[in-house]
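Structure below is data_12.txt: compact mmCIF, C-alpha atoms and all ligand atoms.
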```txt
# COMPACT_ATOMS: atom_id res chain seq x y z
CA MET A 1 -10.72 1.81 18.47
CA ARG A 2 -10.69 2.82 14.81
CA SER A 3 -8.94 0.39 12.46
CA ILE A 4 -8.72 0.40 8.66
CA ILE A 5 -9.45 -3.04 7.28
CA ASP A 6 -11.27 -2.12 4.08
CA ILE A 7 -10.99 1.02 1.96
CA LEU A 8 -14.72 1.52 2.56
CA ASP A 9 -13.91 2.12 6.25
CA LEU A 10 -12.93 5.59 5.03
CA SER A 11 -15.60 7.96 3.71
CA THR A 12 -14.94 9.95 0.54
CA THR A 13 -14.63 13.06 2.73
CA GLU A 14 -11.93 11.32 4.75
CA LEU A 15 -10.16 10.23 1.56
CA SER A 16 -10.12 13.87 0.42
CA GLU A 17 -8.73 14.90 3.81
CA LEU A 18 -5.98 12.25 3.62
CA ILE A 19 -5.08 13.45 0.13
CA ALA A 20 -4.94 17.05 1.39
CA THR A 21 -2.70 16.00 4.30
CA ALA A 22 -0.42 14.00 1.99
CA GLN A 23 -0.07 16.99 -0.31
CA ASP A 24 0.73 19.22 2.64
CA ILE A 25 3.38 16.71 3.78
CA ILE A 26 4.89 16.78 0.27
CA ALA A 27 4.99 20.59 0.34
CA HIS A 28 6.15 21.01 3.98
CA PRO A 29 7.80 17.79 5.22
CA GLU A 30 9.60 19.61 8.05
CA THR A 31 6.28 20.49 9.71
CA TYR A 32 5.62 16.78 10.25
CA SER A 33 9.08 15.60 11.28
CA GLU A 34 8.13 15.28 14.97
CA ALA A 35 4.40 14.69 14.60
CA CYS A 36 4.61 11.10 15.95
CA LYS A 37 7.51 11.58 18.36
CA GLY A 38 7.43 8.92 21.09
CA LYS A 39 4.97 6.73 19.16
CA LYS A 40 5.67 3.22 17.90
CA LEU A 41 4.41 1.48 14.79
CA ALA A 42 4.54 -2.32 14.75
CA THR A 43 4.80 -3.82 11.29
CA LEU A 44 3.68 -7.47 11.38
CA PHE A 45 4.30 -8.99 7.98
CA PHE A 46 3.53 -12.68 7.63
CA GLU A 47 3.86 -12.55 3.81
CA PRO A 48 6.62 -11.18 1.55
CA SER A 49 6.73 -7.42 1.02
CA THR A 50 9.19 -4.75 -0.05
CA ARG A 51 7.19 -1.59 -0.72
CA THR A 52 4.36 -1.86 1.73
CA ARG A 53 6.45 -2.66 4.80
CA LEU A 54 9.29 -0.28 3.98
CA SER A 55 6.91 2.54 3.10
CA PHE A 56 5.06 2.10 6.40
CA GLU A 57 8.38 2.14 8.22
CA ALA A 58 9.75 5.10 6.24
CA ALA A 59 6.46 6.89 6.87
CA MET A 60 6.76 6.41 10.64
CA TYR A 61 10.42 7.50 10.70
CA GLU A 62 9.59 10.62 8.69
CA LEU A 63 6.93 11.45 11.28
CA GLY A 64 9.57 11.20 14.00
CA GLY A 65 8.22 7.92 15.39
CA ASN A 66 9.77 4.50 15.93
CA VAL A 67 9.21 1.09 14.41
CA LEU A 68 9.02 -2.48 15.77
CA SER A 69 9.05 -5.12 13.09
CA VAL A 70 8.16 -8.78 12.59
CA THR A 71 8.90 -10.18 9.15
CA GLY A 72 7.99 -13.67 8.05
CA ALA A 73 5.79 -16.07 9.99
CA GLY A 74 8.87 -18.25 10.58
CA THR A 75 10.61 -15.77 12.90
CA SER A 76 7.72 -14.95 15.23
CA SER A 77 5.57 -16.97 17.63
CA ALA A 78 3.14 -17.59 14.74
CA ALA A 79 5.58 -20.41 13.94
CA LYS A 80 4.82 -21.87 17.39
CA GLY A 81 1.11 -21.81 16.66
CA GLU A 82 0.14 -18.48 18.23
CA SER A 83 -3.19 -17.13 17.00
CA VAL A 84 -3.57 -13.77 15.26
CA ALA A 85 -5.80 -12.70 18.16
CA ASP A 86 -3.11 -13.39 20.77
CA THR A 87 -0.43 -11.73 18.64
CA ALA A 88 -2.63 -8.62 18.36
CA LYS A 89 -3.22 -8.51 22.13
CA THR A 90 0.50 -8.91 22.78
CA VAL A 91 1.66 -6.26 20.32
CA SER A 92 -0.92 -3.84 21.80
CA CYS A 93 1.26 -3.88 24.96
CA TYR A 94 4.30 -2.60 23.06
CA ALA A 95 3.15 -0.38 20.21
CA ASP A 96 0.67 2.43 19.45
CA ILE A 97 -0.45 1.25 16.01
CA ILE A 98 -0.13 -1.93 13.93
CA ALA A 99 0.25 -2.47 10.18
CA MET A 100 -0.35 -6.13 9.40
CA ARG A 101 -0.04 -8.32 6.29
CA HIS A 102 -1.22 -11.90 6.42
CA PRO A 103 -1.90 -14.67 3.87
CA LYS A 104 -5.38 -15.36 5.26
CA GLU A 105 -8.41 -13.32 4.22
CA GLY A 106 -9.95 -11.72 7.31
CA ALA A 107 -6.78 -11.91 9.46
CA ALA A 108 -6.53 -8.13 9.81
CA LEU A 109 -10.13 -7.99 11.00
CA VAL A 110 -9.41 -10.62 13.66
CA ALA A 111 -6.38 -8.59 14.75
CA ALA A 112 -8.47 -5.40 14.93
CA ASN A 113 -11.13 -7.14 17.01
CA ASN A 114 -8.52 -8.17 19.54
CA ALA A 115 -6.07 -5.27 19.60
CA SER A 116 -6.45 -2.26 21.87
CA ILE A 117 -4.64 -0.06 19.33
CA PRO A 118 -5.53 0.78 15.69
CA VAL A 119 -4.80 -1.91 13.10
CA ILE A 120 -4.14 -1.13 9.45
CA ASN A 121 -4.66 -3.95 6.97
CA ALA A 122 -1.53 -4.11 4.78
CA GLY A 123 -3.03 -6.93 2.68
CA ASP A 124 -5.08 -9.96 3.78
CA GLY A 125 -4.72 -12.87 1.36
CA GLY A 126 -6.57 -12.35 -1.91
CA HIS A 127 -9.12 -10.07 -0.23
CA CYS A 128 -8.11 -6.42 0.03
CA HIS A 129 -5.27 -3.95 0.40
CA PRO A 130 -6.63 -0.54 1.39
CA THR A 131 -3.33 1.33 1.76
CA GLN A 132 -2.23 0.38 -1.76
CA THR A 133 -5.50 1.96 -2.82
CA LEU A 134 -4.55 5.13 -0.93
CA ALA A 135 -1.33 5.21 -2.99
CA ASP A 136 -3.35 4.60 -6.16
CA LEU A 137 -5.87 7.33 -5.34
CA LEU A 138 -3.22 9.99 -4.68
CA THR A 139 -1.56 9.01 -7.96
CA ILE A 140 -4.81 9.27 -9.93
CA TYR A 141 -5.62 12.56 -8.22
CA ARG A 142 -2.21 14.06 -9.00
CA GLU A 143 -2.36 12.86 -12.62
CA LYS A 144 -6.02 13.49 -13.43
CA GLY A 145 -7.13 16.13 -10.89
CA SER A 146 -10.29 14.21 -9.95
CA PHE A 147 -11.82 10.75 -9.66
CA ASP A 148 -14.83 11.48 -11.85
CA ASN A 149 -15.41 10.74 -15.55
CA LEU A 150 -12.74 8.06 -15.95
CA THR A 151 -12.59 4.85 -17.94
CA VAL A 152 -10.49 2.55 -15.79
CA GLY A 153 -9.01 -0.65 -17.23
CA LEU A 154 -7.89 -3.32 -14.77
CA CYS A 155 -5.79 -6.02 -16.37
CA GLY A 156 -4.30 -9.34 -15.27
CA ASP A 157 -5.17 -11.34 -12.17
CA LEU A 158 -8.49 -9.83 -11.16
CA LYS A 159 -9.41 -12.90 -9.15
CA PHE A 160 -6.63 -12.95 -6.56
CA GLY A 161 -5.41 -9.37 -6.99
CA ARG A 162 -6.40 -7.73 -3.72
CA THR A 163 -5.29 -4.28 -4.91
CA VAL A 164 -7.85 -4.51 -7.71
CA HIS A 165 -10.70 -5.34 -5.32
CA SER A 166 -9.92 -2.38 -3.07
CA LEU A 167 -9.44 0.05 -5.96
CA ILE A 168 -12.79 -0.90 -7.51
CA ASN A 169 -14.52 -0.41 -4.16
CA ALA A 170 -12.90 2.99 -3.70
CA LEU A 171 -13.66 4.30 -7.19
CA SER A 172 -17.23 3.01 -7.11
CA ARG A 173 -18.18 6.03 -4.98
CA TYR A 174 -17.25 8.64 -7.61
CA HIS A 175 -19.17 9.88 -10.64
CA ASN A 176 -19.25 8.54 -14.15
CA ILE A 177 -16.65 5.82 -13.66
CA ARG A 178 -16.59 2.99 -16.17
CA PHE A 179 -14.59 -0.19 -15.62
CA VAL A 180 -13.01 -2.41 -18.24
CA LEU A 181 -12.10 -5.74 -16.63
CA ILE A 182 -9.44 -7.52 -18.70
CA SER A 183 -8.36 -10.99 -17.62
CA PRO A 184 -8.16 -14.61 -18.72
CA GLU A 185 -11.38 -16.57 -18.04
CA GLU A 186 -9.82 -18.28 -15.01
CA LEU A 187 -8.80 -14.99 -13.37
CA LYS A 188 -12.00 -12.96 -13.67
CA LEU A 189 -13.12 -10.58 -10.93
CA PRO A 190 -14.76 -12.58 -8.08
CA SER A 191 -18.55 -12.50 -8.16
CA TYR A 192 -18.70 -10.98 -4.65
CA VAL A 193 -16.93 -7.84 -5.90
CA LYS A 194 -19.20 -7.75 -8.93
CA ASN A 195 -22.38 -8.24 -6.91
CA GLU A 196 -21.56 -6.14 -3.86
CA THR A 197 -20.03 -3.24 -5.75
CA LEU A 198 -20.46 -3.08 -9.52
CA LYS A 199 -24.01 -4.45 -9.77
CA LYS A 200 -25.24 -3.02 -6.47
CA TYR A 201 -24.34 0.54 -7.50
CA GLY A 202 -25.23 0.05 -11.17
CA LEU A 203 -21.68 0.85 -12.33
CA PRO A 204 -21.03 0.31 -16.03
CA TYR A 205 -18.43 -2.34 -16.79
CA VAL A 206 -17.31 -4.65 -19.56
CA GLN A 207 -15.37 -7.89 -19.20
CA SER A 208 -12.91 -8.93 -21.86
CA THR A 209 -9.89 -11.08 -22.47
CA ASP A 210 -8.53 -8.56 -24.99
CA LEU A 211 -6.30 -5.73 -23.76
CA GLU A 212 -5.56 -4.28 -27.18
CA GLU A 213 -9.21 -3.88 -28.12
CA TYR A 214 -9.97 -1.64 -25.14
CA LEU A 215 -6.62 0.11 -24.66
CA PRO A 216 -7.51 3.15 -26.87
CA GLN A 217 -10.53 3.96 -24.64
CA LEU A 218 -8.74 3.97 -21.30
CA ASP A 219 -7.81 6.91 -19.04
CA ILE A 220 -6.22 4.59 -16.46
CA LEU A 221 -4.65 1.19 -17.11
CA TYR A 222 -3.98 -0.75 -13.90
CA MET A 223 -1.76 -3.75 -14.71
CA THR A 224 -1.36 -6.56 -12.17
CA ARG A 225 0.88 -9.55 -11.57
CA VAL A 226 -0.54 -13.07 -11.71
CA GLN A 227 -0.55 -13.97 -8.01
CA ARG A 228 1.53 -17.13 -8.05
CA GLU A 229 1.31 -17.68 -4.28
CA ARG A 230 -2.48 -18.04 -4.43
CA PHE A 231 -2.48 -20.73 -7.14
CA PHE A 232 -3.19 -24.35 -6.29
CA ASN A 233 -0.90 -25.71 -8.97
CA GLU A 234 2.22 -24.45 -10.69
CA GLU A 235 1.08 -25.61 -14.15
CA ASP A 236 -1.85 -23.18 -14.18
CA TYR A 237 0.44 -20.40 -13.03
CA LEU A 238 2.97 -21.10 -15.79
CA ARG A 239 0.21 -21.15 -18.40
CA LEU A 240 -1.27 -17.83 -17.28
CA LYS A 241 1.70 -15.84 -16.01
CA ASP A 242 2.53 -13.96 -19.19
CA CYS A 243 -1.02 -13.53 -20.42
CA TYR A 244 -0.68 -9.74 -20.74
CA ILE A 245 2.51 -7.85 -21.45
CA LEU A 246 2.30 -4.14 -22.11
CA THR A 247 4.88 -3.12 -24.70
CA PRO A 248 5.75 0.24 -26.35
CA ASP A 249 4.15 -1.05 -29.53
CA LYS A 250 0.81 -1.71 -27.85
CA LEU A 251 1.01 1.62 -26.05
CA LYS A 252 1.03 3.44 -29.43
CA LYS A 253 -2.71 2.82 -29.60
CA ALA A 254 -3.38 4.37 -26.17
CA LYS A 255 -4.41 7.94 -25.27
CA SER A 256 -1.55 10.40 -24.91
CA ASP A 257 -2.61 11.12 -21.31
CA LEU A 258 -3.18 7.50 -20.28
CA CYS A 259 -1.98 6.79 -16.75
CA VAL A 260 -0.26 3.37 -16.61
CA MET A 261 -0.33 1.99 -13.09
CA HIS A 262 0.88 -1.18 -11.35
CA PRO A 263 1.00 -1.87 -7.60
CA LEU A 264 4.35 -3.65 -8.15
CA PRO A 265 6.19 -5.99 -7.94
CA ARG A 266 6.26 -6.30 -11.71
CA VAL A 267 7.23 -9.65 -13.20
CA ASN A 268 6.70 -9.37 -16.98
CA GLU A 269 3.45 -7.38 -17.19
CA ILE A 270 5.02 -4.10 -18.30
CA SER A 271 8.05 -3.97 -20.56
CA VAL A 272 10.89 -2.00 -18.94
CA ALA A 273 11.04 -0.02 -22.20
CA ILE A 274 7.90 1.77 -20.98
CA ASP A 275 9.49 3.02 -17.76
CA ASN A 276 10.63 6.29 -19.34
CA ASP A 277 7.33 6.95 -21.12
CA PRO A 278 5.60 9.94 -19.46
CA ARG A 279 2.50 7.77 -19.09
CA ALA A 280 4.29 5.34 -16.74
CA CYS A 281 3.07 6.14 -13.23
CA TYR A 282 4.03 3.02 -11.26
CA PHE A 283 7.09 4.43 -9.52
CA LYS A 284 5.11 7.56 -8.67
CA GLN A 285 2.64 5.22 -6.93
CA VAL A 286 5.48 3.93 -4.74
CA LEU A 287 6.35 7.41 -3.49
CA ASN A 288 2.71 8.47 -3.13
CA GLY A 289 2.15 5.38 -0.98
CA LYS A 290 4.59 6.63 1.62
CA TYR A 291 2.88 10.03 1.87
CA MET A 292 -0.60 8.51 2.14
CA ARG A 293 0.59 6.09 4.84
CA MET A 294 2.04 9.07 6.74
CA ALA A 295 -1.34 10.81 6.49
CA LEU A 296 -3.18 7.67 7.63
CA ILE A 297 -0.88 6.97 10.60
CA LEU A 298 -1.27 10.60 11.70
CA LYS A 299 -5.05 10.45 11.44
CA LEU A 300 -5.45 7.16 13.33
CA LEU A 301 -3.06 8.11 16.11
CA LYS A 302 -4.82 11.48 16.52
CA GLU A 303 -8.21 9.75 16.70
CA ALA A 304 -6.90 7.16 19.18
CA GLN A 305 -5.69 9.94 21.47
CA ALA A 306 -8.93 11.94 21.36
C1 LIG B 401 0.64 -5.95 -4.09
C2 LIG B 401 0.15 -6.88 -3.01
O1 LIG B 401 0.89 -7.22 -2.08
O2 LIG B 401 -1.01 -7.25 -3.09
N1 LIG B 401 1.91 -5.42 -3.80
C3 LIG B 401 2.00 -4.29 -3.06
O3 LIG B 401 1.66 -4.25 -1.90
N2 LIG B 401 2.43 -3.18 -3.66
C4 LIG B 401 0.56 -6.53 -5.45
C5 LIG B 401 1.25 -7.82 -5.73
O4 LIG B 401 1.89 -8.42 -4.86
O5 LIG B 401 1.17 -8.26 -6.87
```
Please rewrite the model in this file as structure tokens.
Amino acid sequence: MRSIIDILDLSTTELSELIATAQDIIAHPETYSEACKGKKLATLFFEPSTRTRLSFEAAMYELGGNVLSVTGAGTSSAAKGESVADTAKTVSCYADIIAMRHPKEGAALVAANNASIPVINAGDGGHCHPTQTLADLLTIYREKGSFDNLTVGLCGDLKFGRTVHSLINALSRYHNIRFVLISPEELKLPSYVKNETLKKYGLPYVQSTDLEEYLPQLDILYMTRVQRERFFNEEDYLRLKDCYILTPDKLKKAKSDLCVMHPLPRVNEISVAIDNDPRACYFKQVLNGKYMRMALILKLLKEAQA
């Protein structure tokens, strides 16, 4: 049974196909309105979420399917001590596909190994978040027309930011990509991402604590929130939380076709005064996420039936 735990579970050919499907859905939504009729998506969210869960659910409804939902560990049998493996086996009896978010790294993989239906990782702790990357990729594709020849700045919490890890993995397979990794010392990209992706494939990157120095060079700026829930103490969080704030003044130094991205939720990382700047792409990411999740659900259910 095919599950999507990591963005690298999808080949670049498959990513192109998903993008093509998403664009076809955007152009002809009516063609897809009954594509998943009679099918059920279970959303199992053991961590807070607005966009990811609602976009999965909206995606399934727009495909004509139905949704079963668990939100918050406190309201399900996880609170009674049920394992992820048993939950996955149980939900396989009710649904056709699972989207799962969990605070523990590797939880989605455990679910996939125990479910008899496809599992989509909707975020596992500070590890990865492949469907946010699908949203990011469609956004970059629609803004830039390709994934090649880009200087991509990632700024903020690169240590715990799972969206950053998945996006780096995804982009590492395209041509002439250069990364600028901007973070405080304490929140640098984990060495496993550096070693298994950047160094392994010889991808050029620089690490800096200075956003303003590199801003003029960037084609993409991916801002991220400091991940409070993954900190061991509140003092460190309070010290680091406002380390980077993108303001209209700083943006004056950026390219006119810069694409400013953020997986959201935003806390203070991007001034609201930037929301109407044509370079602000973060609400486009939200909408693109729904279309890419529609394309992914369609693909996995079709494969499961074959
Ligand atoms: C991200 C996440 O959950 O990792 N949010 C999202 O799914 N769009 C980013 C974050 O919470 O900061």
Q | Selected residue of minimal separation from Gly125 in chain A among A:Tyr282, A:Phe160, A:Tyr201, A:Phe232, counting only C-alpha atoms | A |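 The closest residue to Gly125 in chain A is A:Phe160.
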Find the residues of chain A that sit at most 6 Å from ligand LIG 401 (chain B); for each, write down the nearest two atoms and how far apart they are in Å, to one decimal. Count all atoms listed in the file. Sort by chain, then by number going up, and give it as JSON lines.
```
{"residue": "A:Arg51", "atom": "CA", "partner": "B:LIG401", "partner_atom": "N2", "distance": 5.8}
{"residue": "A:Thr52", "atom": "CA", "partner": "B:LIG401", "partner_atom": "O3", "distance": 5.1}
{"residue": "A:Arg162", "atom": "CA", "partner": "B:LIG401", "partner_atom": "O2", "distance": 5.4}
{"residue": "A:Thr163", "atom": "CA", "partner": "B:LIG401", "partner_atom": "O2", "distance": 5.5}
{"residue": "A:Arg225", "atom": "CA", "partner": "B:LIG401", "partner_atom": "O5", "distance": 4.9}
{"residue": "A:Pro263", "atom": "CA", "partner": "B:LIG401", "partner_atom": "N2", "distance": 4.4}
{"residue": "A:Leu264", "atom": "CA", "partner": "B:LIG401", "partner_atom": "N2", "distance": 4.9}
{"residue": "A:Pro265", "atom": "CA", "partner": "B:LIG401", "partner_atom": "O5", "distance": 5.6}
```
Q) Got a sec: who's within 7 Å of range 56-70 of chain A, counting all atoms listed in the file, leaving out chain neighbours fewer than 5 positions off, as a PyMOL selection string? A) chain A and resi 32-45+76+290-291+293-294
Please identify all polymer residues within 12 Å of Ser16 in chain A, counting all atoms listed in the file, omitting same-chain residues fewer than 3 positions from it, and present them as a compact mmCIF listing (two decimals) with C-alpha atoms, in the coordinates of the input.
```txt
# COMPACT_ATOMS: atom_id res chain seq x y z
CA LEU A 10 -12.93 5.59 5.03
CA SER A 11 -15.60 7.96 3.71
CA THR A 12 -14.94 9.95 0.54
CA THR A 13 -14.63 13.06 2.73
CA ILE A 19 -5.08 13.45 0.13
CA ALA A 20 -4.94 17.05 1.39
CA THR A 21 -2.70 16.00 4.30
CA ALA A 22 -0.42 14.00 1.99
CA GLN A 23 -0.07 16.99 -0.31
CA LEU A 134 -4.55 5.13 -0.93
CA LEU A 137 -5.87 7.33 -5.34
CA LEU A 138 -3.22 9.99 -4.68
CA TYR A 141 -5.62 12.56 -8.22
CA GLY A 145 -7.13 16.13 -10.89
CA SER A 146 -10.29 14.21 -9.95
CA PHE A 147 -11.82 10.75 -9.66
CA ALA A 170 -12.90 2.99 -3.70
CA TYR A 174 -17.25 8.64 -7.61
CA MET A 292 -0.60 8.51 2.14
CA ALA A 295 -1.34 10.81 6.49
CA LEU A 296 -3.18 7.67 7.63
```
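Nearest to Leu18 in chain A of all the residues A:Met223, A:Ile98, A:Leu300, A:Met1 is A:Leu300, counting all atoms listed in the file.
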Counting all atoms listed in the file, which residues of range 59-171 of chain A sit at most 12 Å from some atom of range 241-244 of chain A, and what is each one's closest atom pair with its distance in Å to one decimal, listed by chain and rising residue number, as a tab-separated table?
```
residue	atom	partner	partner_atom	distance
A:Leu154	CA	A:Tyr244	CA	11.4
A:Cys155	CA	A:Tyr244	CA	7.7
A:Gly156	CA	A:Tyr244	CA	6.6
A:Asp157	CA	A:Lys241	CA	9.1
```
Q) Do you have the CA of Val260 in chain A-CA of Asp210 in chain A distance handy? A)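 That distance, rounded to one decimal, is 16.8 Å.
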Q: Calculate how many Å separate CA of Ile140 in chain A from CA of Lys253 in chain A, rounding to one decimal.
A: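 Calculated distance between CA of Ile140 in chain A and CA of Lys253 in chain A is 20.8 Å.
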(Q) So that I can see what lies close to range 117-119 of chain A, please list as a list in words the residues with an atom at most 8 Å from it, counting only C-alpha atoms and leaving out residues fewer than 6 positions away in the same chain. (A)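 Result of the neighbour search: Met1, Arg2, Ser3, Ile4, Ile5, Ser92, Ala95, Asp96, Ile97, Ile98, Ala99, Met100, Ala108, Ala111, Leu300, Leu301 and Ala304 of chain A.
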Q: Record the distance separating CA of Thr71 in chain A and CA of Asn114 in chain A, expressed in Å with one decimal.
A: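 Separating CA of Thr71 in chain A from CA of Asn114 in chain A is a distance of 20.4 Å.
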(Q) At a cut-off of 7 Å around the point (9.5, -10.4, 5.6) (file coordinates), what residues fall inside when counting only C-alpha atoms? I'd like the answer as a VMD selection string. (A) chain A and resid 45 to 49 71 to 72
Q: Write out as a ChimeraX atom specification the residues lying within 12 Å of Asp275 in chain A, counting all atoms listed in the file and excluding same-chain residues fewer than 4 positions away.
A: /A:246-248,251,260-262,266,270-271,279-284
Dump range 95-116 of chain A with N, CA, C and O atoms to a file, as a PDB file, in the first residue's frame.
```pdb
ATOM      1  N   ALA A  95     -12.191   3.872   6.927  1.00  0.00           N
ATOM      2  CA  ALA A  95     -11.902   4.889   5.903  1.00  0.00           C
ATOM      3  C   ALA A  95     -11.132   4.280   4.731  1.00  0.00           C
ATOM      4  O   ALA A  95     -10.740   3.101   4.773  1.00  0.00           O
ATOM      5  N   ASP A  96     -10.931   5.088   3.679  1.00  0.00           N
ATOM      6  CA  ASP A  96     -10.175   4.636   2.500  1.00  0.00           C
ATOM      7  C   ASP A  96      -8.782   5.234   2.452  1.00  0.00           C
ATOM      8  O   ASP A  96      -7.919   4.759   1.711  1.00  0.00           O
ATOM      9  N   ILE A  97      -8.564   6.319   3.201  1.00  0.00           N
ATOM     10  CA  ILE A  97      -7.266   7.000   3.191  1.00  0.00           C
ATOM     11  C   ILE A  97      -7.157   7.826   4.479  1.00  0.00           C
ATOM     12  O   ILE A  97      -8.182   8.295   4.998  1.00  0.00           O
ATOM     13  N   ILE A  98      -5.938   7.942   4.981  1.00  0.00           N
ATOM     14  CA  ILE A  98      -5.713   8.670   6.244  1.00  0.00           C
ATOM     15  C   ILE A  98      -4.766   9.848   6.001  1.00  0.00           C
ATOM     16  O   ILE A  98      -3.757   9.694   5.296  1.00  0.00           O
ATOM     17  N   ALA A  99      -5.078  10.989   6.591  1.00  0.00           N
ATOM     18  CA  ALA A  99      -4.088  12.076   6.704  1.00  0.00           C
ATOM     19  C   ALA A  99      -3.820  12.232   8.195  1.00  0.00           C
ATOM     20  O   ALA A  99      -4.763  12.438   8.971  1.00  0.00           O
ATOM     21  N   MET A 100      -2.558  12.115   8.605  1.00  0.00           N
ATOM     22  CA  MET A 100      -2.266  12.127  10.034  1.00  0.00           C
ATOM     23  C   MET A 100      -1.196  13.139  10.431  1.00  0.00           C
ATOM     24  O   MET A 100      -0.152  13.217   9.791  1.00  0.00           O
ATOM     25  N   ARG A 101      -1.464  13.888  11.477  1.00  0.00           N
ATOM     26  CA  ARG A 101      -0.470  14.788  12.086  1.00  0.00           C
ATOM     27  C   ARG A 101      -0.237  14.329  13.517  1.00  0.00           C
ATOM     28  O   ARG A 101      -1.189  14.045  14.241  1.00  0.00           O
ATOM     29  N   HIS A 102       1.043  14.310  13.896  1.00  0.00           N
ATOM     30  CA  HIS A 102       1.375  13.780  15.224  1.00  0.00           C
ATOM     31  C   HIS A 102       2.625  14.501  15.751  1.00  0.00           C
ATOM     32  O   HIS A 102       3.514  14.835  14.972  1.00  0.00           O
ATOM     33  N   PRO A 103       2.697  14.713  17.067  1.00  0.00           N
ATOM     34  CA  PRO A 103       3.879  15.423  17.595  1.00  0.00           C
ATOM     35  C   PRO A 103       5.167  14.609  17.566  1.00  0.00           C
ATOM     36  O   PRO A 103       6.256  15.180  17.725  1.00  0.00           O
ATOM     37  N   LYS A 104       5.070  13.290  17.363  1.00  0.00           N
ATOM     38  CA  LYS A 104       6.299  12.481  17.388  1.00  0.00           C
ATOM     39  C   LYS A 104       6.848  12.228  15.985  1.00  0.00           C
ATOM     40  O   LYS A 104       6.105  11.781  15.096  1.00  0.00           O
ATOM     41  N   GLU A 105       8.144  12.453  15.818  1.00  0.00           N
ATOM     42  CA  GLU A 105       8.821  12.138  14.568  1.00  0.00           C
ATOM     43  C   GLU A 105       8.687  10.638  14.311  1.00  0.00           C
ATOM     44  O   GLU A 105       8.919   9.827  15.214  1.00  0.00           O
ATOM     45  N   GLY A 106       8.306  10.274  13.088  1.00  0.00           N
ATOM     46  CA  GLY A 106       8.205   8.854  12.748  1.00  0.00           C
ATOM     47  C   GLY A 106       6.820   8.261  12.968  1.00  0.00           C
ATOM     48  O   GLY A 106       6.561   7.126  12.573  1.00  0.00           O
ATOM     49  N   ALA A 107       5.893   9.030  13.581  1.00  0.00           N
ATOM     50  CA  ALA A 107       4.561   8.471  13.872  1.00  0.00           C
ATOM     51  C   ALA A 107       3.810   8.100  12.588  1.00  0.00           C
ATOM     52  O   ALA A 107       3.151   7.049  12.531  1.00  0.00           O
ATOM     53  N   ALA A 108       3.932   8.925  11.562  1.00  0.00           N
ATOM     54  CA  ALA A 108       3.211   8.636  10.314  1.00  0.00           C
ATOM     55  C   ALA A 108       3.739   7.356   9.669  1.00  0.00           C
ATOM     56  O   ALA A 108       2.975   6.584   9.075  1.00  0.00           O
ATOM     57  N   LEU A 109       5.031   7.122   9.816  1.00  0.00           N
ATOM     58  CA  LEU A 109       5.615   5.894   9.263  1.00  0.00           C
ATOM     59  C   LEU A 109       5.074   4.671   9.998  1.00  0.00           C
ATOM     60  O   LEU A 109       4.713   3.668   9.373  1.00  0.00           O
ATOM     61  N   VAL A 110       4.972   4.772  11.313  1.00  0.00           N
ATOM     62  CA  VAL A 110       4.400   3.668  12.105  1.00  0.00           C
ATOM     63  C   VAL A 110       2.956   3.420  11.650  1.00  0.00           C
ATOM     64  O   VAL A 110       2.543   2.269  11.454  1.00  0.00           O
ATOM     65  N   ALA A 111       2.210   4.500  11.465  1.00  0.00           N
ATOM     66  CA  ALA A 111       0.820   4.353  11.011  1.00  0.00           C
ATOM     67  C   ALA A 111       0.783   3.656   9.656  1.00  0.00           C
ATOM     68  O   ALA A 111       0.007   2.713   9.443  1.00  0.00           O
ATOM     69  N   ALA A 112       1.650   4.089   8.743  1.00  0.00           N
ATOM     70  CA  ALA A 112       1.664   3.499   7.394  1.00  0.00           C
ATOM     71  C   ALA A 112       2.015   2.013   7.441  1.00  0.00           C
ATOM     72  O   ALA A 112       1.460   1.211   6.678  1.00  0.00           O
ATOM     73  N   ASN A 113       2.918   1.649   8.341  1.00  0.00           N
ATOM     74  CA  ASN A 113       3.329   0.244   8.437  1.00  0.00           C
ATOM     75  C   ASN A 113       2.229  -0.639   9.014  1.00  0.00           C
ATOM     76  O   ASN A 113       2.311  -1.856   8.933  1.00  0.00           O
ATOM     77  N   ASN A 114       1.243  -0.032   9.607  1.00  0.00           N
ATOM     78  CA  ASN A 114       0.180  -0.819  10.247  1.00  0.00           C
ATOM     79  C   ASN A 114      -1.187  -0.672   9.595  1.00  0.00           C
ATOM     80  O   ASN A 114      -2.084  -1.468   9.867  1.00  0.00           O
ATOM     81  N   ALA A 115      -1.344   0.340   8.751  1.00  0.00           N
ATOM     82  CA  ALA A 115      -2.641   0.567   8.113  1.00  0.00           C
ATOM     83  C   ALA A 115      -2.769  -0.311   6.875  1.00  0.00           C
ATOM     84  O   ALA A 115      -1.760  -0.697   6.273  1.00  0.00           O
ATOM     85  N   SER A 116      -4.000  -0.597   6.473  1.00  0.00           N
ATOM     86  CA  SER A 116      -4.182  -1.316   5.212  1.00  0.00           C
ATOM     87  C   SER A 116      -4.701  -0.368   4.135  1.00  0.00           C
ATOM     88  O   SER A 116      -5.170  -0.789   3.089  1.00  0.00           O
TER      89      SER A 116
END
```
